[in-house]
>>> print(open('model_34.csv').read())   # CSV, C-alpha atoms and all ligand atoms
chain,number,residue,atom,x,y,z
A,253,MET,CA,0.1,18.1,24.5
A,254,LYS,CA,1.7,16.9,27.8
A,255,GLY,CA,2.0,13.5,29.4
A,256,THR,CA,1.9,9.8,28.5
A,257,VAL,CA,-0.9,7.6,27.2
A,258,GLY,CA,-1.0,5.9,30.6
A,259,GLU,CA,-1.6,9.3,32.4
A,260,LEU,CA,-4.3,10.2,29.9
A,261,GLY,CA,-6.1,6.8,30.1
A,262,GLU,CA,-8.0,4.8,27.5
A,263,PHE,CA,-11.0,7.1,27.3
A,264,GLY,CA,-9.0,10.3,27.5
A,265,LEU,CA,-6.9,9.0,24.6
A,266,ILE,CA,-10.0,8.0,22.5
A,267,ARG,CA,-11.5,11.5,23.1
A,268,GLU,CA,-8.2,13.1,22.1
A,269,LEU,CA,-8.0,11.0,18.9
A,270,THR,CA,-11.6,11.3,17.8
A,271,SER,CA,-11.8,15.0,18.4
A,272,ARG,CA,-9.4,15.5,15.6
A,273,LEU,CA,-11.4,13.7,12.9
A,274,THR,CA,-13.3,15.1,10.0
A,275,SER,CA,-16.3,13.4,8.4
A,276,THR,CA,-17.8,12.9,4.9
A,277,PRO,CA,-21.4,12.8,3.7
A,278,ALA,CA,-21.1,8.9,3.5
A,279,VAL,CA,-20.6,8.7,7.3
A,280,GLN,CA,-24.1,8.4,8.9
A,281,ILE,CA,-22.8,7.4,12.4
A,282,GLY,CA,-19.1,8.1,13.1
A,283,PRO,CA,-16.9,7.3,16.2
A,284,GLY,CA,-18.6,7.3,19.6
A,285,ASP,CA,-21.1,4.5,19.4
A,286,ASP,CA,-20.7,0.7,19.4
A,287,ALA,CA,-20.1,0.7,15.7
A,288,ALA,CA,-20.2,3.2,12.8
A,289,VAL,CA,-22.7,3.3,10.0
A,290,VAL,CA,-21.4,4.2,6.5
A,291,ALA,CA,-23.5,4.6,3.3
A,292,ALA,CA,-22.8,1.9,0.7
A,293,PRO,CA,-24.5,3.3,-2.4
A,294,ASP,CA,-23.3,0.3,-4.5
A,295,ARG,CA,-24.8,-2.3,-2.0
A,296,ARG,CA,-21.5,-4.2,-2.2
A,297,VAL,CA,-18.8,-3.2,0.3
A,298,VAL,CA,-15.1,-3.6,-0.5
A,299,ALA,CA,-13.1,-4.4,2.7
A,300,THR,CA,-9.4,-4.8,3.5
A,301,THR,CA,-7.0,-4.7,6.5
A,302,ASP,CA,-3.3,-4.3,6.9
A,303,VAL,CA,-1.1,-4.0,10.0
A,304,LEU,CA,2.0,-1.9,10.6
A,305,LEU,CA,4.3,-3.0,13.4
A,306,GLU,CA,7.0,-0.9,15.0
A,307,GLY,CA,10.4,-2.3,14.1
A,308,ARG,CA,9.1,-4.3,11.2
A,309,HIS,CA,7.3,-1.7,9.1
A,310,PHE,CA,8.5,1.5,10.7
A,311,ARG,CA,11.1,2.9,13.1
A,312,ARG,CA,10.4,5.9,15.3
A,313,ASP,CA,13.8,7.3,14.6
A,314,TRP,CA,13.2,7.2,10.8
A,315,SER,CA,9.6,8.3,10.6
A,316,THR,CA,7.4,10.7,12.6
A,317,ALA,CA,4.1,9.5,14.0
A,318,TYR,CA,2.4,11.7,11.3
A,319,ASP,CA,4.3,9.8,8.5
A,320,VAL,CA,3.4,6.4,10.0
A,321,GLY,CA,-0.2,7.5,10.0
A,322,ARG,CA,-0.1,8.6,6.4
A,323,LYS,CA,1.6,5.3,5.4
A,324,ALA,CA,-0.7,3.1,7.4
A,325,ALA,CA,-3.8,4.7,5.8
A,326,ALA,CA,-2.2,4.7,2.4
A,327,GLN,CA,-1.4,1.0,2.3
A,328,ASN,CA,-5.0,0.2,3.0
A,329,LEU,CA,-6.6,2.8,0.8
A,330,ALA,CA,-4.4,1.6,-2.1
A,331,ASP,CA,-5.8,-1.9,-1.7
A,332,ILE,CA,-9.3,-0.5,-2.0
A,333,ALA,CA,-8.3,1.5,-5.2
A,334,ALA,CA,-6.6,-1.7,-6.6
A,335,MET,CA,-10.0,-3.4,-6.7
A,336,GLY,CA,-11.3,-0.5,-8.8
A,337,ALA,CA,-13.2,1.0,-5.8
A,338,VAL,CA,-13.4,4.4,-4.1
A,339,PRO,CA,-12.4,4.4,-0.5
A,340,THR,CA,-15.2,5.5,1.9
A,341,ALA,CA,-14.2,4.7,5.5
A,342,VAL,CA,-11.3,3.4,7.7
A,343,LEU,CA,-11.1,2.0,11.2
A,344,LEU,CA,-8.0,2.2,13.4
A,345,ALA,CA,-7.1,-0.5,15.9
A,346,LEU,CA,-4.1,0.8,17.9
A,347,VAL,CA,-1.8,-0.9,20.4
A,348,VAL,CA,0.5,1.4,22.4
A,349,PRO,CA,2.6,1.2,25.5
A,350,ALA,CA,1.5,3.2,28.6
A,351,GLU,CA,4.8,5.1,28.6
A,352,LEU,CA,4.3,6.5,25.1
A,353,ARG,CA,3.9,10.3,24.9
A,354,VAL,CA,0.3,11.3,23.9
A,355,THR,CA,1.7,13.4,21.1
A,356,TRP,CA,2.6,10.2,19.2
A,357,PRO,CA,-0.9,8.6,18.7
A,358,VAL,CA,-2.3,12.1,18.2
A,359,GLU,CA,0.0,12.9,15.4
A,360,LEU,CA,-0.5,9.4,14.0
A,361,MET,CA,-4.3,10.1,13.9
A,362,ASP,CA,-3.6,13.4,12.1
A,363,GLY,CA,-1.7,11.5,9.4
A,364,ILE,CA,-4.4,8.9,9.0
A,365,ARG,CA,-7.0,11.6,8.8
A,366,ASP,CA,-5.1,13.6,6.2
A,367,GLU,CA,-4.3,10.6,4.0
A,368,CYS,CA,-8.0,9.5,4.2
A,369,GLN,CA,-8.9,13.0,3.0
A,370,VAL,CA,-6.6,12.7,0.0
A,371,ALA,CA,-8.5,9.6,-1.0
A,372,GLY,CA,-12.0,10.9,-0.1
A,373,ALA,CA,-12.5,8.7,3.0
A,374,ALA,CA,-13.0,9.3,6.7
A,375,VAL,CA,-12.0,7.6,9.9
A,376,VAL,CA,-15.2,6.1,11.4
A,377,GLY,CA,-14.0,4.2,14.4
A,378,GLY,CA,-11.3,2.1,16.0
A,379,ASP,CA,-10.0,0.6,19.2
A,380,VAL,CA,-7.2,1.3,21.7
A,381,VAL,CA,-5.3,-1.3,23.7
A,382,ARG,CA,-2.2,-1.2,25.9
A,383,GLY,CA,0.7,-3.4,24.7
A,384,GLU,CA,4.4,-3.5,24.4
A,385,THR,CA,4.9,-3.0,20.6
A,386,ILE,CA,3.2,-0.1,18.8
A,387,THR,CA,0.8,-1.8,16.4
A,388,VAL,CA,-1.3,0.2,13.9
A,389,SER,CA,-4.0,-1.9,12.3
A,390,ILE,CA,-6.3,-0.3,9.8
A,391,THR,CA,-9.4,-1.6,8.1
A,392,ALA,CA,-10.6,0.2,5.0
A,393,LEU,CA,-13.9,0.1,3.2
A,394,GLY,CA,-14.8,1.1,-0.3
A,395,ASP,CA,-17.5,1.4,-2.9
A,396,LEU,CA,-17.4,0.0,-6.4
A,397,ARG,CA,-19.8,2.6,-7.9
A,398,SER,CA,-21.7,0.1,-10.0
A,399,ARG,CA,-18.6,-1.3,-11.7
A,400,PRO,CA,-17.4,-5.0,-11.4
A,401,ALA,CA,-14.5,-5.4,-9.0
A,402,VAL,CA,-11.1,-5.8,-10.8
A,403,THR,CA,-9.5,-8.9,-9.2
A,404,ARG,CA,-6.1,-10.5,-9.6
A,405,ALA,CA,-7.7,-13.3,-11.6
A,406,GLY,CA,-8.8,-11.8,-14.9
A,407,ALA,CA,-5.5,-11.3,-16.8
A,408,ARG,CA,-5.6,-13.0,-20.2
A,409,PRO,CA,-2.9,-14.0,-22.8
A,410,GLY,CA,-2.5,-11.1,-25.2
A,411,ASN,CA,-3.2,-8.4,-22.5
A,412,LEU,CA,-0.6,-5.8,-21.9
A,413,VAL,CA,0.7,-4.8,-18.4
A,414,ALA,CA,0.8,-1.2,-17.4
A,415,VAL,CA,1.8,0.6,-14.2
A,416,THR,CA,1.2,4.0,-12.7
A,417,GLY,CA,2.7,5.5,-9.6
A,418,TRP,CA,6.2,5.2,-8.1
A,419,LEU,CA,8.4,2.0,-8.2
A,420,GLY,CA,11.5,1.5,-6.2
A,421,TRP,CA,11.5,4.9,-4.5
A,422,SER,CA,10.5,3.5,-1.1
A,423,ALA,CA,13.1,0.7,-1.3
A,424,ALA,CA,15.8,3.2,-2.2
A,425,GLY,CA,14.8,5.4,0.7
A,426,LEU,CA,14.9,2.3,3.0
A,427,ALA,CA,18.4,1.5,1.8
A,428,VAL,CA,19.5,5.0,2.5
A,429,LEU,CA,18.0,5.0,6.0
A,430,SER,CA,19.3,1.5,6.8
A,431,ARG,CA,22.8,2.8,6.1
A,432,GLY,CA,22.4,5.7,8.6
A,433,PHE,CA,21.8,8.5,6.0
A,434,ARG,CA,18.9,10.9,5.8
A,435,SER,CA,19.3,11.9,2.2
A,436,PRO,CA,18.6,12.1,-0.8
A,437,ARG,CA,15.4,13.5,0.7
A,438,ALA,CA,13.2,12.5,-2.2
A,439,PHE,CA,13.8,8.8,-1.6
A,440,VAL,CA,13.6,9.0,2.2
A,441,GLU,CA,10.4,11.0,1.9
A,442,ALA,CA,9.0,8.3,-0.5
A,443,HIS,CA,9.7,5.7,2.1
A,444,ARG,CA,8.2,7.6,4.9
A,445,ARG,CA,5.1,8.7,3.0
A,446,PRO,CA,4.1,6.8,-0.1
A,447,GLU,CA,1.8,8.5,-2.6
A,448,PRO,CA,-0.4,5.8,-4.1
A,449,PRO,CA,-2.3,7.0,-7.3
A,450,TYR,CA,-5.7,6.3,-5.7
A,451,HIS,CA,-7.7,7.8,-8.7
A,452,ALA,CA,-5.9,5.3,-11.0
A,453,GLY,CA,-7.7,2.3,-9.6
A,454,PRO,CA,-11.3,3.3,-10.5
A,455,ALA,CA,-9.9,4.9,-13.7
A,456,ALA,CA,-8.4,1.6,-14.7
A,457,ALA,CA,-11.6,-0.2,-14.0
A,458,GLU,CA,-13.4,2.3,-16.2
A,459,LEU,CA,-10.7,1.7,-19.0
A,460,GLY,CA,-11.5,-2.1,-18.9
A,461,ALA,CA,-8.6,-3.4,-16.8
A,462,THR,CA,-8.8,-7.2,-16.6
A,463,ALA,CA,-6.7,-7.6,-13.5
A,464,MET,CA,-5.1,-5.2,-11.0
A,465,THR,CA,-3.1,-5.0,-7.8
A,466,ASP,CA,-1.1,-2.4,-5.8
A,467,VAL,CA,2.6,-3.0,-5.5
A,468,SER,CA,3.1,-3.5,-1.7
A,469,ASP,CA,5.7,-6.3,-1.7
A,470,GLY,CA,7.5,-5.7,-5.1
A,471,LEU,CA,6.6,-5.5,-8.7
A,472,VAL,CA,7.8,-9.1,-9.6
A,473,ALA,CA,6.2,-10.6,-6.5
A,474,ASP,CA,2.9,-8.7,-6.9
A,475,LEU,CA,2.7,-9.5,-10.7
A,476,GLY,CA,3.3,-13.1,-9.5
A,477,HIS,CA,0.1,-12.9,-7.6
A,478,ILE,CA,-1.8,-11.8,-10.7
A,479,ALA,CA,0.0,-14.6,-12.8
A,480,ALA,CA,-1.0,-17.2,-10.2
A,481,ALA,CA,-4.6,-16.1,-9.8
A,482,SER,CA,-5.1,-15.7,-13.6
A,483,GLY,CA,-3.2,-18.8,-14.6
A,484,VAL,CA,-1.0,-16.8,-17.0
A,485,ASP,CA,2.7,-15.9,-17.5
A,486,ILE,CA,3.8,-12.3,-17.3
A,487,ASP,CA,6.9,-10.9,-18.9
A,488,VAL,CA,8.3,-7.5,-17.7
A,489,ARG,CA,10.5,-5.5,-20.1
A,490,SER,CA,13.1,-4.0,-17.8
A,491,ALA,CA,13.9,-1.2,-20.3
A,492,ALA,CA,10.3,0.0,-20.1
A,493,VAL,CA,10.5,0.5,-16.3
A,494,ASP,CA,11.7,4.0,-15.5
A,495,ILE,CA,14.9,4.3,-13.5
A,496,PRO,CA,15.6,8.0,-12.7
A,497,ALA,CA,19.2,9.2,-12.9
A,498,GLN,CA,19.1,10.1,-9.2
A,499,MET,CA,18.2,6.5,-8.3
A,500,THR,CA,21.1,5.2,-10.4
A,501,ASP,CA,23.4,7.6,-8.5
A,502,ILE,CA,22.2,6.5,-5.1
A,503,GLY,CA,22.4,2.9,-6.2
A,504,GLN,CA,26.0,3.4,-7.1
A,505,ALA,CA,26.7,5.1,-3.8
A,506,VAL,CA,25.3,2.2,-1.7
A,507,GLY,CA,26.3,-0.7,-4.1
A,508,VAL,CA,22.8,-1.8,-5.3
A,509,ASP,CA,21.6,-2.2,-8.8
A,510,PRO,CA,18.6,0.3,-9.0
A,511,LEU,CA,16.7,-2.2,-11.2
A,512,HIS,CA,16.5,-4.4,-8.2
A,513,TRP,CA,14.7,-1.6,-6.2
A,514,VAL,CA,12.3,-1.0,-9.1
A,515,LEU,CA,11.5,-4.6,-9.8
A,516,THR,CA,11.4,-5.9,-6.2
A,517,GLY,CA,10.9,-2.9,-3.9
A,518,GLY,CA,7.6,-2.7,-2.1
A,519,GLU,CA,5.7,0.0,-0.2
A,520,ASP,CA,5.3,2.5,-3.0
A,521,HIS,CA,1.8,1.2,-3.7
A,522,ALA,CA,2.0,1.9,-7.4
A,523,ILE,CA,-1.0,0.4,-9.3
A,524,VAL,CA,-0.3,-2.3,-11.9
A,525,ALA,CA,-2.9,-3.7,-14.1
A,526,ALA,CA,-3.5,-5.9,-17.2
A,527,PHE,CA,-5.5,-4.4,-20.1
A,528,PRO,CA,-6.8,-5.5,-23.4
A,529,ARG,CA,-4.2,-4.6,-26.1
A,530,ASP,CA,-6.5,-2.0,-27.8
A,531,VAL,CA,-6.9,0.1,-24.6
A,532,LYS,CA,-6.2,3.9,-24.9
A,533,LEU,CA,-4.2,4.5,-21.7
A,534,PRO,CA,-3.7,8.1,-20.4
A,535,ALA,CA,-0.1,9.3,-20.3
A,536,ARG,CA,0.4,8.5,-16.6
A,537,TRP,CA,0.4,4.8,-17.4
A,538,ARG,CA,3.6,3.1,-18.6
A,539,ILE,CA,3.3,-0.1,-20.5
A,540,ILE,CA,5.9,-2.5,-19.0
A,541,GLY,CA,5.1,-6.0,-20.2
A,542,ASP,CA,2.9,-8.7,-21.6
A,543,VAL,CA,0.6,-11.4,-20.5
A,544,THR,CA,1.1,-14.8,-22.2
A,545,ALA,CA,-0.3,-18.3,-22.0
A,546,PRO,CA,1.6,-20.3,-19.3
A,547,ALA,CA,4.6,-22.0,-20.8
A,548,GLY,CA,5.0,-24.4,-17.9
A,549,ARG,CA,2.7,-26.0,-15.3
A,550,THR,CA,3.1,-23.1,-12.8
A,551,PRO,CA,2.3,-19.6,-14.0
A,552,ARG,CA,5.3,-17.3,-13.6
A,553,VAL,CA,6.8,-13.9,-14.1
A,554,THR,CA,9.8,-13.4,-16.3
A,555,VAL,CA,12.0,-10.3,-16.8
A,556,ASP,CA,13.1,-9.7,-20.4
A,557,GLY,CA,12.1,-13.3,-21.1
A,558,ALA,CA,14.3,-14.9,-18.4
A,559,PRO,CA,13.0,-16.4,-15.2
A,560,TRP,CA,13.5,-14.2,-12.1
A,561,ASP,CA,15.2,-16.5,-9.7
A,562,LYS,CA,15.8,-14.0,-6.9
A,563,ALA,CA,13.1,-12.9,-4.5
A,564,GLY,CA,10.4,-10.9,-6.3
A,565,GLY,CA,9.7,-8.8,-3.2
A,566,TRP,CA,9.1,-8.7,0.5
A,567,ASP,CA,8.1,-11.8,2.4
A,568,HIS,CA,7.5,-11.5,6.1
A,569,PHE,CA,9.0,-14.9,6.7
A,570,GLY,CA,11.7,-14.6,4.0
A,571,PRO,CA,15.5,-14.5,4.6
A,572,ASP,CA,15.6,-10.6,4.3
A,573,ALA,CA,12.7,-9.8,6.6
A,601,LIG,N1,-4.8,-13.6,8.4
A,601,LIG,C1,-5.5,-13.6,7.3
A,601,LIG,N2,-6.8,-14.1,7.3
A,601,LIG,C2,-7.6,-14.1,6.2
A,601,LIG,N3,-7.2,-13.7,5.1
A,601,LIG,C3,-5.9,-13.2,4.9
A,601,LIG,C4,-5.0,-13.2,6.1
A,601,LIG,N4,-3.9,-12.6,5.7
A,601,LIG,C5,-4.0,-12.3,4.4
A,601,LIG,N5,-5.2,-12.7,3.9
A,601,LIG,C6,-5.8,-12.5,2.6
A,601,LIG,O1,-4.9,-13.0,1.6
A,601,LIG,C7,-4.8,-12.1,0.5
A,601,LIG,C8,-3.4,-11.6,0.3
A,601,LIG,O2,-3.0,-10.9,1.4
A,601,LIG,P1,-1.8,-9.8,1.3
A,601,LIG,O3,-1.7,-9.2,2.7
A,601,LIG,O4,-0.6,-10.4,0.8
A,601,LIG,O5,-2.4,-8.8,0.3
A,601,LIG,P2,-2.2,-7.2,0.3
A,601,LIG,O6,-2.8,-6.7,1.6
A,601,LIG,O7,-2.7,-6.7,-1.0
A,601,LIG,O8,-0.6,-7.1,0.4
A,601,LIG,P3,0.2,-6.3,1.5
A,601,LIG,O9,-0.2,-6.8,2.9
A,601,LIG,O10,1.6,-6.6,1.2
A,601,LIG,O11,-0.1,-4.8,1.4
A,601,LIG,C9,-5.8,-11.0,0.8
A,601,LIG,O12,-7.0,-11.2,0.1
A,601,LIG,C10,-6.0,-11.0,2.3
A,601,LIG,O13,-7.2,-10.6,2.7
A,602,LIG,C1,12.0,-0.8,9.9
A,602,LIG,C2,11.7,-1.3,8.5
A,602,LIG,N1,12.3,-2.4,8.1
A,602,LIG,C3,12.0,-2.9,6.9
A,602,LIG,C4,11.0,-2.4,6.1
A,602,LIG,C5,10.7,-3.0,4.7
A,602,LIG,N2,9.4,-3.6,4.7
A,602,LIG,C6,8.6,-3.9,5.7
A,602,LIG,S1,7.2,-4.6,5.3
A,602,LIG,C7,7.5,-4.4,3.6
A,602,LIG,C8,6.6,-4.9,2.6
A,602,LIG,C9,5.1,-4.7,2.8
A,602,LIG,O1,4.6,-5.2,4.0
A,602,LIG,P1,3.2,-5.8,4.2
A,602,LIG,O2,3.1,-7.0,3.4
A,602,LIG,O3,3.0,-6.0,5.6
A,602,LIG,O4,2.2,-4.7,3.7
A,602,LIG,C10,8.8,-3.9,3.5
A,602,LIG,C11,9.4,-3.6,2.2
A,602,LIG,C12,10.4,-1.2,6.6
A,602,LIG,N3,9.4,-0.6,6.0
A,602,LIG,N4,10.7,-0.7,7.8
A,603,MG,MG,-2.2,-7.3,3.4
A,604,MG,MG,-2.5,-5.1,-2.1
A,605,MG,MG,2.8,-7.9,1.8
>>> encode(input="model_34.csv", output="structure tokens")
Amino acid sequence: MKGTVGELGEFGLIRELTSRLTSTPAVQIGPGDDAAVVAAPDRRVVATTDVLLEGRHFRRDWSTAYDVGRKAAAQNLADIAAMGAVPTAVLLALVVPAELRVTWPVELMDGIRDECQVAGAAVVGGDVVRGETITVSITALGDLRSRPAVTRAGARPGNLVAVTGWLGWSAAGLAVLSRGFRSPRAFVEAHRRPEPPYHAGPAAAELGATAMTDVSDGLVADLGHIAAASGVDIDVRSAAVDIPAQMTDIGQAVGVDPLHWVLTGGEDHAIVAAFPRDVKLPARWRIIGDVTAPAGRTPRVTVDGAPWDKAGGWDHFGPDA
């Protein structure tokens, strides 16, 4: 595909992007009209939005457009799953400079489409605007399939805390890329293209999860959101959190304690949930901690019983951002 976005024009670009999309039976009216129409069998619609900004969330010399598309879709689809819902549709609002080669947004769209397909959703619309910084804003919709939503607010003292998916892999990949390396590939790939366990969200709801979230900012930070919303304390047992040997090796090479990546690294979109103690969890879940009654006035997360006084994860206005 030749030329720049500016040469192709707004409607040429929209045609190019939408021509690559696939649909699902839930999509009654897709891209091309003033709005889309998506079936909502449950009669409640789960809705979420997240933005990716060049320089802040991705770098074009670190990730391909296709990878950015996969990641942009994944971070939104994971939020739908973390409510216990099944993703149905996404919308893409895209800001691009006129000088950008057309191949970039086209490959981005391919990535978004493919990640949606993994989760069972389809792209149903969007918007394209000219601007200086590439901005990928996605809105995702989902269906609860007759189950109650699993919020951040339902964790109760006596519950156990369990996680499924990757933890710390994206952060390790980011550390490697930040130091100018391109390997180990497994971590770099995890940073470029997270693999949220979408199926685990509705499965956890079915298993009776009392609270749930995806890990976007960091395990301690995101458990902190559950603690605050539920009015409980949460203790994480660090020995229960898996640190692969390869992560220990790369931690040694770059001078970082890998436990730091696992406890505070975001962007893997693992799913973490609280469950009643008598739950029968499938093997892919690891039990990593406990919910207790709040010891002080503000609910908090401890690690091995001790307060975590460092940052628990990413904060867009924090010192490391
Ligand atoms: N600008 C905003 N206007 C309205 N609500 C917002 C805004 N920003 C965030 N929120 C709401 O605040 C809550 C927490 O947002 P946050 O973005 O931290 O959650 P998240 O999307 O799960 O995490 P992440 O963005 O790290 O993936 C969500 O319910 C979100 O809808
Ligand atoms: C170039 C570059 N620099 C830094 C990072 C790290 N980073 C950015 S946002 C975020 C947390 C989730 O964000 P949000 O809350 O917006 O979903 C993290 C860990 C990156 N991915 N790329
Ligand atoms: Mg968000
Ligand atoms: Mg989330
Ligand atoms: Mg965040």
>>> residues_near_point(input="model_34.csv", point="(0.1, -9.6, -8.0)", cutoff="12 Å", atoms="all atoms listed in the file", output="ChimeraX atom specification")
/A:331,334-335,403-407,413,463-486,518,521-526,551-553,564-565
>>> closest_residue(input="model_34.csv", among="A:Val508, A:Ile332, A:Val376, A:Val303", to="ligand MG 605 (chain A)", atoms="only C-alpha atoms and all ligand atoms")
A:Val303
>>> closest_residue(input="model_34.csv", among="A:Asp530, A:Asp319, A:Asp313, A:Asp286", to="Gly363 of chain A", atoms="all atoms listed in the file")
A:Asp319
>>> closest_residue(input="model_34.csv", among="A:Pro448, A:Pro546, A:Pro454, A:Pro571", to="ligand LIG 601 (chain A)", atoms="all atoms listed in the file")
A:Pro448
>>> residues_near_ligand(input="model_34.csv", ligand="ligand LIG 602 (chain A)", cutoff="8 Å", atoms="all atoms listed in the file", output="CSV table (one decimal) with C-alpha atoms, in the coordinates of the input")
chain,number,residue,atom,x,y,z
A,302,ASP,CA,-3.3,-4.3,6.9
A,303,VAL,CA,-1.1,-4.0,10.0
A,304,LEU,CA,2.0,-1.9,10.6
A,306,GLU,CA,7.0,-0.9,15.0
A,307,GLY,CA,10.4,-2.3,14.1
A,308,ARG,CA,9.1,-4.3,11.2
A,309,HIS,CA,7.3,-1.7,9.1
A,310,PHE,CA,8.5,1.5,10.7
A,311,ARG,CA,11.1,2.9,13.1
A,327,GLN,CA,-1.4,1.0,2.3
A,422,SER,CA,10.5,3.5,-1.1
A,423,ALA,CA,13.1,0.7,-1.3
A,426,LEU,CA,14.9,2.3,3.0
A,443,HIS,CA,9.7,5.7,2.1
A,468,SER,CA,3.1,-3.5,-1.7
A,469,ASP,CA,5.7,-6.3,-1.7
A,470,GLY,CA,7.5,-5.7,-5.1
A,517,GLY,CA,10.9,-2.9,-3.9
A,518,GLY,CA,7.6,-2.7,-2.1
A,519,GLU,CA,5.7,0.0,-0.2
A,565,GLY,CA,9.7,-8.8,-3.2
A,566,TRP,CA,9.1,-8.7,0.5
A,567,ASP,CA,8.1,-11.8,2.4
A,568,HIS,CA,7.5,-11.5,6.1
A,573,ALA,CA,12.7,-9.8,6.6
>>> atom_distance(input="model_34.csv", atom1="atom CA of Ala438 of chain A", atom2="atom CA of Ala333 of chain A")
24.3 Å
>>> atom_distance(input="model_34.csv", atom1="atom CA of Arg296 of chain A", atom2="atom CA of Pro534 of chain A")
28.3 Å
>>> build_atoms(input="model_34.csv", residues="segment 271-285 of chain A", atoms="N, CA and C atoms", output="PDB file, keeping the file's coordinate frame")
ATOM      1  N   SER A 271     -11.525  13.585  18.545  1.00  0.00           N
ATOM      2  CA  SER A 271     -11.800  15.000  18.400  1.00  0.00           C
ATOM      3  C   SER A 271     -11.123  15.645  17.235  1.00  0.00           C
ATOM      4  N   ARG A 272     -10.143  14.952  16.680  1.00  0.00           N
ATOM      5  CA  ARG A 272      -9.400  15.500  15.600  1.00  0.00           C
ATOM      6  C   ARG A 272      -9.895  15.091  14.209  1.00  0.00           C
ATOM      7  N   LEU A 273     -10.918  14.264  14.195  1.00  0.00           N
ATOM      8  CA  LEU A 273     -11.400  13.700  12.900  1.00  0.00           C
ATOM      9  C   LEU A 273     -12.319  14.596  12.175  1.00  0.00           C
ATOM     10  N   THR A 274     -12.346  14.390  10.868  1.00  0.00           N
ATOM     11  CA  THR A 274     -13.300  15.100  10.000  1.00  0.00           C
ATOM     12  C   THR A 274     -14.216  13.997   9.415  1.00  0.00           C
ATOM     13  N   SER A 275     -15.338  14.395   8.866  1.00  0.00           N
ATOM     14  CA  SER A 275     -16.300  13.400   8.400  1.00  0.00           C
ATOM     15  C   SER A 275     -16.562  13.653   6.873  1.00  0.00           C
ATOM     16  N   THR A 276     -17.359  12.769   6.292  1.00  0.00           N
ATOM     17  CA  THR A 276     -17.800  12.900   4.900  1.00  0.00           C
ATOM     18  C   THR A 276     -19.311  12.652   4.859  1.00  0.00           C
ATOM     19  N   PRO A 277     -19.978  13.028   3.782  1.00  0.00           N
ATOM     20  CA  PRO A 277     -21.400  12.800   3.700  1.00  0.00           C
ATOM     21  C   PRO A 277     -21.763  11.270   3.791  1.00  0.00           C
ATOM     22  N   ALA A 278     -20.819  10.388   3.454  1.00  0.00           N
ATOM     23  CA  ALA A 278     -21.100   8.900   3.500  1.00  0.00           C
ATOM     24  C   ALA A 278     -21.196   8.424   4.934  1.00  0.00           C
ATOM     25  N   VAL A 279     -20.646   9.175   5.893  1.00  0.00           N
ATOM     26  CA  VAL A 279     -20.600   8.700   7.300  1.00  0.00           C
ATOM     27  C   VAL A 279     -21.941   9.093   7.965  1.00  0.00           C
ATOM     28  N   GLN A 280     -22.782   8.091   8.256  1.00  0.00           N
ATOM     29  CA  GLN A 280     -24.100   8.400   8.900  1.00  0.00           C
ATOM     30  C   GLN A 280     -23.930   8.372  10.409  1.00  0.00           C
ATOM     31  N   ILE A 281     -23.175   7.440  10.949  1.00  0.00           N
ATOM     32  CA  ILE A 281     -22.800   7.400  12.400  1.00  0.00           C
ATOM     33  C   ILE A 281     -21.321   7.214  12.452  1.00  0.00           C
ATOM     34  N   GLY A 282     -20.607   8.151  13.070  1.00  0.00           N
ATOM     35  CA  GLY A 282     -19.100   8.100  13.100  1.00  0.00           C
ATOM     36  C   GLY A 282     -18.697   7.528  14.484  1.00  0.00           C
ATOM     37  N   PRO A 283     -17.474   7.869  14.906  1.00  0.00           N
ATOM     38  CA  PRO A 283     -16.900   7.300  16.200  1.00  0.00           C
ATOM     39  C   PRO A 283     -17.801   7.762  17.347  1.00  0.00           C
ATOM     40  N   GLY A 284     -17.865   6.921  18.385  1.00  0.00           N
ATOM     41  CA  GLY A 284     -18.600   7.300  19.600  1.00  0.00           C
ATOM     42  C   GLY A 284     -19.655   6.310  19.988  1.00  0.00           C
ATOM     43  N   ASP A 285     -20.117   5.520  19.047  1.00  0.00           N
ATOM     44  CA  ASP A 285     -21.100   4.500  19.400  1.00  0.00           C
ATOM     45  C   ASP A 285     -20.504   3.122  19.342  1.00  0.00           C
TER      46      ASP A 285
END
